>>> print(open('query-v7.tsv').read())   # TSV, C-alpha atoms
chain	number	residue	atom	x	y	z
Z	1	MET	CA	104.94	65.07	92.64
Z	2	ALA	CA	106.40	62.05	94.44
Z	3	VAL	CA	109.91	63.28	93.67
Z	4	SER	CA	109.00	66.73	95.03
Z	5	ALA	CA	107.69	65.16	98.24
Z	6	VAL	CA	110.91	63.19	98.74
Z	7	SER	CA	113.03	66.27	97.98
Z	8	TYR	CA	111.03	68.26	100.51
Z	9	ALA	CA	111.48	65.60	103.20
Z	10	VAL	CA	115.23	65.43	102.58
Z	11	SER	CA	115.50	69.22	102.70
Z	12	ARG	CA	113.81	69.28	106.09
Z	13	VAL	CA	116.35	66.80	107.48
Z	14	ILE	CA	119.24	68.83	106.07
Z	15	LYS	CA	117.80	72.02	107.49
Z	16	ARG	CA	117.62	70.58	111.02
Z	17	ALA	CA	121.16	69.20	110.79
Z	18	SER	CA	122.84	72.31	109.42
Z	19	PRO	CA	121.03	75.60	108.66
Z	20	PHE	CA	124.05	76.95	106.75
Z	21	LEU	CA	124.30	73.82	104.58
Z	22	TYR	CA	120.56	74.00	103.98
Z	23	GLN	CA	120.79	77.62	102.81
Z	24	ARG	CA	123.59	76.81	100.34
Z	25	ARG	CA	121.75	73.72	99.11
Z	26	PHE	CA	118.48	75.69	98.77
Z	27	GLU	CA	120.07	78.49	96.74
Z	28	SER	CA	121.90	76.14	94.37
Z	29	THR	CA	118.80	73.98	93.82
Z	30	VAL	CA	116.43	76.89	93.17
Z	31	ALA	CA	118.85	78.48	90.71
Z	32	SER	CA	118.64	75.39	88.47
Z	33	LEU	CA	114.83	75.12	88.46
Z	34	THR	CA	112.33	76.58	86.02
Z	35	LYS	CA	109.53	78.85	87.20
Z	36	ASP	CA	106.88	76.07	87.03
Z	37	GLU	CA	109.09	73.67	89.01
Z	38	ILE	CA	109.66	76.33	91.67
Z	39	LEU	CA	105.89	76.93	91.96
Z	40	ILE	CA	105.18	73.21	92.42
Z	41	LEU	CA	107.93	72.87	95.01
Z	42	LEU	CA	106.90	75.90	97.08
Z	43	ARG	CA	103.10	75.76	96.78
Z	44	PRO	CA	101.49	75.30	100.23
Z	45	PRO	CA	99.13	72.33	100.78
Z	46	PHE	CA	95.43	72.83	100.02
Z	47	THR	CA	92.86	72.39	102.77
Z	48	ASN	CA	89.09	71.91	102.87
Z	49	TRP	CA	88.30	75.32	104.27
Z	50	SER	CA	84.50	75.09	104.03
Z	51	ASN	CA	84.40	71.94	106.19
Z	52	ILE	CA	86.44	73.66	108.90
Z	53	ILE	CA	84.07	76.64	108.82
Z	54	ARG	CA	81.03	74.35	109.24
Z	55	GLU	CA	82.67	72.62	112.20
Z	56	ALA	CA	83.37	75.99	113.83
Z	57	GLU	CA	79.79	77.17	113.23
Z	58	LYS	CA	78.53	74.10	115.09
Z	59	VAL	CA	80.62	75.11	118.09
Z	60	VAL	CA	79.23	78.65	117.91
Z	61	GLY	CA	75.69	77.45	117.20
Z	62	TYR	CA	75.16	80.17	114.61
Z	63	PRO	CA	75.49	80.06	110.78
Z	64	THR	CA	78.00	82.89	110.40
Z	65	SER	CA	78.15	82.39	106.63
Z	66	PHE	CA	74.81	84.27	106.61
Z	67	MET	CA	76.07	86.95	108.97
Z	68	ASN	CA	75.29	89.79	106.56
Z	69	LEU	CA	72.00	88.29	105.33
Z	70	ARG	CA	69.91	90.79	107.27
Z	71	CYS	CA	71.71	93.62	105.51
Z	72	LEU	CA	71.72	91.97	102.07
Z	73	LEU	CA	67.93	91.40	102.10
Z	74	SER	CA	67.08	95.03	102.83
Z	75	ASP	CA	65.26	97.11	100.21
Z	76	GLU	CA	68.04	99.69	100.00
Z	77	PHE	CA	70.70	97.09	99.25
Z	78	ALA	CA	68.43	95.33	96.73
Z	79	ASN	CA	68.00	98.59	94.79
Z	80	MET	CA	71.76	99.12	94.64
Z	81	ALA	CA	72.25	95.50	93.55
Z	82	LEU	CA	70.10	96.23	90.48
Z	83	TYR	CA	72.54	98.95	89.44
Z	84	LEU	CA	75.45	96.65	90.18
Z	85	ARG	CA	74.13	94.24	87.53
Z	86	LYS	CA	74.88	96.86	84.87
Z	87	LEU	CA	78.58	96.34	85.55
Z	88	VAL	CA	78.47	92.57	84.95
Z	89	GLY	CA	81.04	91.68	82.31
Z	90	SER	CA	83.21	94.73	82.99
Z	91	ASN	CA	86.62	94.62	84.62
Z	92	HIS	CA	85.80	97.24	87.22
Z	93	LEU	CA	87.46	96.62	90.58
Z	94	VAL	CA	84.13	96.71	92.42
Z	95	MET	CA	83.01	93.64	90.44
Z	96	GLN	CA	86.22	91.81	91.29
Z	97	THR	CA	85.68	92.69	94.96
Z	98	ALA	CA	82.08	91.45	94.83
Z	99	LYS	CA	83.19	88.16	93.28
Z	100	ASN	CA	85.83	87.70	95.98
Z	101	ILE	CA	83.29	88.37	98.73
Z	102	LEU	CA	80.60	86.08	97.29
Z	103	TYR	CA	82.73	83.26	95.91
Z	104	GLY	CA	85.96	83.66	97.87
Z	105	ASP	CA	87.93	80.84	99.43
Z	106	SER	CA	90.35	80.84	102.35
Z	107	LYS	CA	92.51	83.39	100.55
Z	108	ASN	CA	89.98	86.21	100.65
Z	109	LEU	CA	87.07	85.14	102.88
Z	110	GLN	CA	88.66	84.96	106.31
Z	111	PRO	CA	85.93	84.40	108.94
Z	112	TRP	CA	86.57	87.36	111.23
Z	113	GLY	CA	83.08	87.28	112.73
Z	114	LEU	CA	83.41	83.59	113.43
Z	115	ILE	CA	86.73	84.11	115.22
Z	116	ILE	CA	85.11	86.78	117.42
Z	117	LEU	CA	82.20	84.48	118.31
Z	118	LEU	CA	84.51	81.57	119.08
Z	119	LEU	CA	86.55	83.82	121.35
Z	120	CYS	CA	83.33	84.82	123.12
Z	121	LYS	CA	82.55	81.15	123.69
Z	122	SER	CA	85.97	80.58	125.19
Z	123	VAL	CA	85.24	82.68	128.30
Z	124	ARG	CA	82.75	81.78	130.99
Z	125	SER	CA	80.37	84.28	132.55
Z	126	SER	CA	78.73	84.10	135.97
Z	127	SER	CA	75.89	86.41	134.88
Z	128	PRO	CA	72.27	85.21	135.27
Z	129	GLN	CA	70.68	83.70	132.14
Z	130	PRO	CA	68.60	86.74	131.01
Z	131	GLN	CA	71.68	88.97	131.22
Z	132	LEU	CA	73.82	86.30	129.57
Z	133	ASP	CA	71.38	86.10	126.62
Z	134	LYS	CA	71.65	89.88	126.17
Z	135	ILE	CA	75.46	89.72	126.25
Z	136	GLU	CA	75.49	86.97	123.61
Z	137	GLU	CA	73.11	88.96	121.39
Z	138	HIS	CA	75.35	92.02	121.64
Z	139	GLN	CA	78.43	89.91	120.86
Z	140	ARG	CA	76.69	88.55	117.78
Z	141	GLN	CA	75.87	92.08	116.64
Z	142	LEU	CA	79.49	93.03	117.22
Z	143	ALA	CA	80.66	90.17	114.99
Z	144	GLU	CA	78.19	91.25	112.29
Z	145	LEU	CA	79.16	94.91	112.32
Z	146	THR	CA	82.87	94.01	112.24
Z	147	GLU	CA	82.25	91.97	109.08
Z	148	MET	CA	80.21	94.83	107.60
Z	149	ILE	CA	82.95	97.38	108.26
Z	150	ARG	CA	85.51	95.11	106.68
Z	151	THR	CA	83.33	94.42	103.62
Z	152	GLY	CA	82.48	98.11	103.19
Z	153	HIS	CA	86.17	98.98	103.35
Z	154	LEU	CA	87.03	96.36	100.70
Z	155	ILE	CA	84.31	97.72	98.40
Z	156	HIS	CA	85.56	101.29	98.84
Z	157	LYS	CA	89.04	100.12	97.84
Z	158	GLY	CA	87.51	99.07	94.51
Z	159	ILE	CA	87.13	102.69	93.38
Z	160	VAL	CA	89.08	103.43	90.19
Z	161	ASN	CA	90.78	106.80	89.72
Z	162	VAL	CA	89.75	108.23	86.34
Z	163	PRO	CA	91.55	111.58	85.70
Z	164	PHE	CA	89.22	114.22	84.27
Z	165	ALA	CA	91.45	114.72	81.20
Z	166	LYS	CA	91.18	111.01	80.31
Z	167	ARG	CA	87.40	110.70	80.63
Z	168	SER	CA	85.54	109.56	77.53
Z	169	LYS	CA	82.87	107.16	76.34
Z	170	ALA	CA	85.20	104.28	77.18
Z	171	THR	CA	85.48	105.32	80.85
Z	172	GLU	CA	81.74	105.64	81.51
Z	173	SER	CA	81.47	102.16	83.04
Z	174	ALA	CA	84.40	102.90	85.36
Z	175	ILE	CA	82.81	106.14	86.58
Z	176	PHE	CA	79.45	104.43	87.04
Z	177	GLY	CA	81.18	101.61	88.93
Z	178	ASN	CA	82.79	104.15	91.25
Z	179	LYS	CA	79.38	105.54	92.16
Z	180	ILE	CA	78.09	102.06	92.97
Z	181	ALA	CA	81.21	101.25	95.01
Z	182	ILE	CA	80.75	104.43	97.05
Z	183	LEU	CA	77.06	103.74	97.64
Z	184	LEU	CA	77.54	100.08	98.57
Z	185	GLY	CA	80.49	100.76	100.84
Z	186	ASP	CA	78.78	103.72	102.53
Z	187	TYR	CA	75.60	101.71	103.08
Z	188	LEU	CA	77.49	98.91	104.83
Z	189	LEU	CA	79.51	101.34	106.97
Z	190	VAL	CA	76.45	103.37	107.97
Z	191	THR	CA	74.55	100.19	108.85
Z	192	ALA	CA	77.50	98.96	110.92
Z	193	ASN	CA	77.73	102.29	112.77
Z	194	GLY	CA	74.01	102.13	113.48
Z	195	MET	CA	74.46	98.67	115.00
Z	196	LEU	CA	77.45	99.93	116.98
Z	197	SER	CA	75.41	102.74	118.55
Z	198	GLY	CA	72.66	100.20	119.29
Z	199	LEU	CA	75.03	98.37	121.63
Z	200	ARG	CA	74.92	101.44	123.92
Z	201	ASN	CA	78.43	100.84	125.17
Z	202	SER	CA	80.75	103.85	125.06
Z	203	ASP	CA	83.89	101.75	125.58
Z	204	VAL	CA	83.08	99.51	122.60
Z	205	SER	CA	82.21	102.55	120.45
Z	206	TYR	CA	85.59	104.11	121.27
Z	207	ILE	CA	87.50	100.88	120.56
Z	208	ILE	CA	85.84	100.27	117.18
Z	209	SER	CA	86.27	103.95	116.26
Z	210	THR	CA	90.00	103.50	116.84
Z	211	ALA	CA	89.99	100.69	114.25
Z	212	LEU	CA	88.09	102.92	111.78
Z	213	LYS	CA	90.79	105.57	112.26
Z	214	ASP	CA	93.46	102.96	111.48
Z	215	LEU	CA	91.66	101.92	108.28
Z	216	SER	CA	91.59	105.54	107.12
Z	217	GLU	CA	95.25	106.15	107.95
Z	218	GLY	CA	96.20	102.93	106.18
Z	219	GLU	CA	95.10	104.44	102.87
Z	220	PHE	CA	97.83	107.10	103.21
Z	221	PHE	CA	100.60	104.94	104.65
Z	222	GLY	CA	103.73	104.85	102.48
Z	223	GLU	CA	104.01	105.62	98.78
Z	224	ARG	CA	101.09	104.98	96.41
Z	225	ASP	CA	100.53	104.95	92.66
Z	226	GLU	CA	97.80	106.90	90.83
Z	227	GLN	CA	95.21	104.26	91.78
Z	228	ASN	CA	96.28	104.44	95.45
Z	229	MET	CA	97.83	100.98	95.25
Z	230	PRO	CA	100.66	100.55	97.77
Z	231	LEU	CA	104.30	100.72	96.71
Z	232	PRO	CA	107.05	99.18	98.85
Z	233	GLY	CA	109.55	101.38	100.65
Z	234	LYS	CA	113.06	101.53	99.24
Z	235	PRO	CA	115.10	98.73	100.88
Z	236	LYS	CA	117.26	99.79	103.81
Z	237	LYS	CA	120.01	97.90	105.52
Z	238	ALA	CA	119.07	97.34	109.16
Z	239	GLU	CA	120.74	95.34	111.89
Z	240	GLU	CA	117.39	94.50	113.48
Z	241	ASP	CA	114.04	93.96	111.77
Z	242	LEU	CA	111.87	92.60	114.56
Z	243	ASP	CA	108.15	92.91	115.25
Z	244	ILE	CA	106.83	96.38	116.03
Z	245	PRO	CA	104.29	97.28	118.75
Z	246	LEU	CA	100.72	96.56	117.64
Z	247	ASP	CA	99.54	99.90	119.05
Z	248	THR	CA	99.11	102.01	115.90
Z	249	MET	CA	99.69	105.25	117.82
Z	250	SER	CA	103.36	104.29	118.24
Z	251	ILE	CA	103.99	103.39	114.56
Z	252	SER	CA	106.03	105.88	112.54
Z	253	ALA	CA	106.35	105.48	108.77
Z	254	ASN	CA	109.93	106.78	108.81
Z	255	ASP	CA	110.96	104.04	111.24
Z	256	VAL	CA	109.45	101.08	109.36
Z	257	LEU	CA	109.50	101.75	105.59
Z	258	GLY	CA	112.26	99.84	103.85
Z	259	LYS	CA	112.53	97.25	106.64
Z	260	PRO	CA	110.55	94.23	105.38
Z	261	ARG	CA	109.11	92.75	108.57
Z	262	LYS	CA	108.37	96.10	110.21
Z	263	GLU	CA	106.90	97.62	107.06
Z	264	TRP	CA	104.70	94.58	106.36
Z	265	THR	CA	103.43	94.49	109.95
Z	266	ALA	CA	102.60	98.21	109.97
Z	267	ARG	CA	100.80	98.08	106.62
Z	268	SER	CA	98.83	94.99	107.63
Z	269	VAL	CA	97.79	96.38	111.01
Z	270	PHE	CA	96.57	99.63	109.45
Z	271	ASN	CA	94.86	97.81	106.58
Z	272	GLY	CA	92.40	95.78	108.68
Z	273	VAL	CA	94.26	93.65	111.21
Z	274	SER	CA	93.62	96.35	113.82
Z	275	LEU	CA	89.87	95.98	113.15
Z	276	LEU	CA	89.96	92.26	113.95
Z	277	GLY	CA	91.99	92.93	117.09
Z	278	ARG	CA	89.62	95.68	118.25
Z	279	GLY	CA	86.63	93.44	117.50
Z	280	CYS	CA	88.07	90.72	119.75
Z	281	GLN	CA	88.89	93.29	122.44
Z	282	SER	CA	85.34	94.69	122.29
Z	283	ALA	CA	83.89	91.20	122.66
Z	284	MET	CA	85.71	90.83	125.97
Z	285	VAL	CA	84.45	94.27	127.08
Z	286	LEU	CA	80.87	93.12	126.42
Z	287	ALA	CA	81.60	89.91	128.35
Z	288	LYS	CA	82.78	92.06	131.30
Z	289	GLN	CA	86.22	90.47	131.35
Z	290	SER	CA	89.27	91.99	133.03
Z	291	ARG	CA	91.50	94.61	131.38
Z	292	GLU	CA	94.22	91.99	131.09
Z	293	THR	CA	91.92	89.64	129.17
Z	294	GLN	CA	90.81	92.52	126.93
Z	295	THR	CA	94.46	93.27	126.09
Z	296	TYR	CA	95.12	89.57	125.40
Z	297	ALA	CA	92.09	89.51	123.09
Z	298	TYR	CA	93.40	92.49	121.09
Z	299	HIS	CA	96.81	90.88	120.61
Z	300	PHE	CA	95.15	87.57	119.78
Z	301	GLY	CA	93.04	89.15	117.04
Z	302	CYS	CA	96.02	91.02	115.60
Z	303	HIS	CA	98.21	87.92	115.44
Z	304	VAL	CA	95.40	85.89	113.83
Z	305	GLY	CA	94.99	88.61	111.21
Z	306	LEU	CA	98.73	88.80	110.58
Z	307	ALA	CA	99.03	85.00	110.31
Z	308	TRP	CA	96.18	84.85	107.79
Z	309	GLN	CA	97.59	87.79	105.83
Z	310	ALA	CA	100.97	86.09	105.50
Z	311	ALA	CA	99.29	82.83	104.43
Z	312	THR	CA	97.12	84.67	101.88
Z	313	GLU	CA	100.12	86.41	100.32
Z	314	LEU	CA	102.02	83.14	100.22
Z	315	GLN	CA	99.17	81.38	98.41
Z	316	THR	CA	98.75	84.27	95.97
Z	317	LEU	CA	102.42	84.26	94.99
Z	318	THR	CA	102.75	80.48	94.63
Z	319	SER	CA	99.47	79.90	92.75
Z	320	ASP	CA	99.26	79.17	89.02
Z	321	ASN	CA	97.18	82.22	88.11
Z	322	LYS	CA	98.84	85.20	86.45
Z	323	ASP	CA	96.98	87.89	88.42
Z	324	GLN	CA	98.99	90.78	89.78
Z	325	PHE	CA	99.91	90.58	93.45
Z	326	CYS	CA	100.42	93.29	96.04
Z	327	LEU	CA	103.84	94.92	95.71
Z	328	ALA	CA	103.88	95.59	99.46
Z	329	SER	CA	103.24	91.94	100.37
Z	330	ALA	CA	105.64	90.02	102.59
Z	331	PRO	CA	107.28	87.91	99.82
Z	332	VAL	CA	108.02	91.04	97.76
Z	333	LEU	CA	109.46	92.93	100.73
Z	334	PHE	CA	111.65	89.99	101.77
Z	335	ALA	CA	112.84	89.56	98.17
Z	336	LEU	CA	113.76	93.26	97.96
Z	337	GLU	CA	115.84	92.86	101.11
Z	338	ASP	CA	117.66	89.88	99.58
Z	339	ASN	CA	118.01	91.45	96.12
Z	340	PRO	CA	117.65	95.29	96.25
Z	341	ASP	CA	118.13	95.47	92.45
Z	342	LEU	CA	114.53	94.22	92.08
Z	343	TYR	CA	113.38	97.63	93.31
Z	344	LYS	CA	114.29	99.05	89.88
Z	345	ILE	CA	111.46	96.97	88.33
Z	346	ILE	CA	108.98	98.58	90.72
Z	347	ASP	CA	110.50	102.06	90.62
Z	348	GLN	CA	109.96	102.23	86.83
Z	349	ALA	CA	106.20	101.73	87.29
Z	350	LYS	CA	105.48	104.12	90.15
Z	351	ASN	CA	102.65	105.86	88.28
Z	352	ASP	CA	100.68	102.65	87.80
Z	353	VAL	CA	101.53	99.27	89.35
Z	354	LYS	CA	99.91	97.57	86.34
Z	355	ASP	CA	103.01	98.52	84.34
Z	356	VAL	CA	105.14	96.15	86.41
Z	357	ASP	CA	106.19	92.91	84.71
Z	358	TYR	CA	104.67	90.60	87.34
Z	359	GLU	CA	105.80	87.38	85.66
Z	360	ASP	CA	109.43	88.48	85.69
Z	361	LEU	CA	109.13	89.86	89.22
Z	362	LYS	CA	107.54	86.64	90.51
Z	363	PHE	CA	110.27	84.52	88.94
Z	364	ASN	CA	112.96	86.64	90.59
Z	365	ILE	CA	111.16	86.55	93.95
Z	366	LEU	CA	110.98	82.75	93.84
Z	367	LYS	CA	114.74	82.64	93.34
Z	368	THR	CA	115.24	84.20	96.79
Z	369	ASP	CA	114.34	82.80	100.20
Z	370	ALA	CA	111.31	85.16	100.41
Z	371	VAL	CA	108.79	82.29	100.36
Z	372	GLU	CA	110.56	80.48	103.20
Z	373	LYS	CA	110.69	83.70	105.25
Z	374	THR	CA	106.97	84.31	104.64
Z	375	LYS	CA	106.20	80.77	105.83
Z	376	MET	CA	108.19	81.47	108.99
Z	377	LEU	CA	106.31	84.77	109.40
Z	378	TYR	CA	102.98	82.93	109.22
Z	379	GLN	CA	104.12	80.26	111.68
Z	380	ASP	CA	105.41	82.88	114.12
Z	381	HIS	CA	102.12	84.81	114.25
Z	382	ALA	CA	100.06	81.59	114.32
Z	383	ARG	CA	102.07	80.45	117.34
Z	384	LYS	CA	101.58	83.79	119.14
Z	385	ALA	CA	97.84	83.83	118.37
Z	386	THR	CA	97.53	80.30	119.78
Z	387	ALA	CA	99.37	81.29	122.96
Z	388	TYR	CA	97.08	84.29	123.55
Z	389	ALA	CA	93.97	82.16	122.89
Z	390	GLU	CA	95.12	79.56	125.42
Z	391	SER	CA	95.75	82.29	128.00
Z	392	ILE	CA	92.12	83.44	127.62
Z	393	GLY	CA	90.46	80.00	127.90
Z	394	GLN	CA	90.85	76.24	127.54
Z	395	ASN	CA	87.85	74.55	125.88
Z	396	ASP	CA	86.36	73.35	122.57
Z	397	SER	CA	86.14	76.92	121.25
Z	398	VAL	CA	89.87	77.48	121.72
Z	399	ASP	CA	90.59	74.11	120.08
Z	400	MET	CA	88.52	75.19	117.06
Z	401	ILE	CA	90.29	78.56	116.98
Z	402	LYS	CA	93.63	76.77	116.81
Z	403	LYS	CA	92.29	74.61	113.99
Z	404	LEU	CA	91.21	77.68	112.01
Z	405	ILE	CA	94.54	79.43	112.55
Z	406	ASN	CA	96.49	76.41	111.29
Z	407	THR	CA	94.21	75.51	108.37
Z	408	PHE	CA	96.21	77.37	105.70
>>> encode(input="query-v7.tsv", output="structure tokens")
Amino acid sequence: MAVSAVSYAVSRVIKRASPFLYQRRFESTVASLTKDEILILLRPPFTNWSNIIREAEKVVGYPTSFMNLRCLLSDEFANMALYLRKLVGSNHLVMQTAKNILYGDSKNLQPWGLIILLLCKSVRSSSPQPQLDKIEEHQRQLAELTEMIRTGHLIHKGIVNVPFAKRSKATESAIFGNKIAILLGDYLLVTANGMLSGLRNSDVSYIISTALKDLSEGEFFGERDEQNMPLPGKPKKAEEDLDIPLDTMSISANDVLGKPRKEWTARSVFNGVSLLGRGCQSAMVLAKQSRETQTYAYHFGCHVGLAWQAATELQTLTSDNKDQFCLASAPVLFALEDNPDLYKIIDQAKNDVKDVDYEDLKFNILKTDAVEKTKMLYQDHARKATAYAESIGQNDSVDMIKKLINTF
């Protein structure tokens, strides 16, 4: 590990002195390494995520780790949880989702509600105390319902497609798991919509509904396998592959698929990043902030979500586990741009992404500069999110936001 640290330090010096020399040195070095050595060299540093969360909750003054407790303790949810126990020990996707939600770390338990509440704390209101208390209560409900929508969406994604012709005794648990996933996800979404109507704010209802539309469209964006898992667009040569507008109404699949940065941004925005952005925007509406501040809040939330998504995909690819990773993630898309021949590995498994040889694909991805590009992608969005946060306010809440953004 000491040798790796020295090598990393030297590489940074070379990179600053001559980017071209660094690229040649990087390619020649990586080509001579084994897969395990590449993983050790490229693995991002670990951080104590839970401690950062506790610090942020002190700033907010609210234990957001129990944000969904009110929902989880209800009789309806308890009854469904009893049925969920029947799936314990199975490999159904809804169980994997539940484990990620309950025991997740920084890779899959990003504190969206906490970010919204910190953003609320970053702006000052001149409203009298009784009205201010009502605004804060509504902002807290907004953070809760945003988390519920996100969790319900994740649970719905755990539904397994079981063709009628292939149904048998062996698929009974999968079909039963699908019913539970539908019930759990629907319950959370209905509860969230009930809370949304309780805010009695038509502007907020419209904004959050826009995010729900994006989540639905995201399930049909680009090619999919039989289980509706995303497949990357065929690589295209493009002179420019810059960021796209974060307004989902202006995103066209034909214009972004096959272009790594554009495709990744579009998929991520549709797949939940828009929800975080709209949640932040709605918080500023409730706080009666200007239209400009509301727009800043939306872009802030989107860039936070994109930064965390890039960091999550980076950690997933460089970890030791042998779990399959998303084929439409940033490292895969960047690797396909660098080595289009890798698309043949994916193209042969279009019916089911489980047929892909993930070990071989990962090894070939690590041979490219995809990891370095994904790091730069994360840093770029983290920097933009920080800039938008600072334009909204300058206080302890913004300092904690910056700490959360840069924790990965």
>>> axis_aligned_box(input="query-v7.tsv", around="range 135-150 of chain Z", padding_each_side="8 Å", output="lines of an AutoDock Vina configuration file")
center_x = 79.3
center_y = 92.2
center_z = 116.5
size_x = 28.4
size_y = 26.4
size_z = 35.6
>>> atom_distance(input="query-v7.tsv", atom1="CA of Gln294 in chain Z", atom2="CA of Ser282 in chain Z")
7.5 Å
>>> closest_residue(input="query-v7.tsv", among="Z:Gly152, Z:Pro230, Z:Gly279, Z:Pro340", to="Cys120 in chain Z", atoms="all atoms listed in the file")
Z:Gly279
>>> residues_around(input="query-v7.tsv", residues="Pro235 in chain Z", least_positions_apart="3", cutoff="12 Å", atoms="only C-alpha atoms", output="ChimeraX atom specification")
/Z:231-232,238,241,256-263,328,332-344,346-347
>>> residues_near_point(input="query-v7.tsv", point="(101.4, 97.4, 105.1)", cutoff="9 Å", atoms="all atoms listed in the file", output="ChimeraX atom specification")
/Z:218,221-222,230,232,262-271,328-330
>>> atom_distance(input="query-v7.tsv", atom1="CA of Tyr296 in chain Z", atom2="CA of Trp112 in chain Z")
16.7 Å
>>> closest_residue(input="query-v7.tsv", among="Z:Ala297, Z:Ala311, Z:Met148, Z:Ile401", to="Ala283 in chain Z", atoms="all atoms listed in the file")
Z:Ala297
>>> build_atoms(input="query-v7.tsv", residues="range 383-397 of chain Z", atoms="N, CA and C atoms", output="tab-separated table (two decimals), keeping the file's coordinate frame")
chain	number	residue	atom	x	y	z
Z	383	ARG	N	101.65	80.93	116.02
Z	383	ARG	CA	102.07	80.45	117.34
Z	383	ARG	C	101.70	81.48	118.42
Z	384	LYS	N	101.91	82.74	118.15
Z	384	LYS	CA	101.58	83.79	119.14
Z	384	LYS	C	100.07	83.88	119.34
Z	385	ALA	N	99.30	83.78	118.25
Z	385	ALA	CA	97.84	83.83	118.37
Z	385	ALA	C	97.34	82.66	119.22
Z	386	THR	N	97.91	81.48	119.00
Z	386	THR	CA	97.53	80.30	119.78
Z	386	THR	C	97.83	80.50	121.26
Z	387	ALA	N	98.98	81.07	121.56
Z	387	ALA	CA	99.37	81.29	122.96
Z	387	ALA	C	98.40	82.25	123.65
Z	388	TYR	N	98.03	83.33	122.96
Z	388	TYR	CA	97.08	84.29	123.55
Z	388	TYR	C	95.70	83.65	123.74
Z	389	ALA	N	95.26	82.84	122.78
Z	389	ALA	CA	93.97	82.16	122.89
Z	389	ALA	C	93.95	81.23	124.10
Z	390	GLU	N	95.03	80.50	124.29
Z	390	GLU	CA	95.12	79.56	125.42
Z	390	GLU	C	95.17	80.30	126.76
Z	391	SER	N	95.71	81.52	126.76
Z	391	SER	CA	95.75	82.29	128.00
Z	391	SER	C	94.38	82.85	128.36
Z	392	ILE	N	93.47	82.93	127.38
Z	392	ILE	CA	92.12	83.44	127.62
Z	392	ILE	C	91.20	82.32	128.10
Z	393	GLY	N	91.33	81.12	127.52
Z	393	GLY	CA	90.46	80.00	127.90
Z	393	GLY	C	91.01	78.68	127.40
Z	394	GLN	N	90.44	77.59	127.93
Z	394	GLN	CA	90.85	76.24	127.54
Z	394	GLN	C	89.58	75.40	127.37
Z	395	ASN	N	89.07	75.32	126.14
Z	395	ASN	CA	87.85	74.55	125.88
Z	395	ASN	C	87.73	74.24	124.39
Z	396	ASP	N	86.56	73.73	123.98
Z	396	ASP	CA	86.36	73.35	122.57
Z	396	ASP	C	86.48	74.55	121.63
Z	397	SER	N	86.05	75.73	122.09
Z	397	SER	CA	86.14	76.92	121.25
Z	397	SER	C	87.59	77.27	120.93
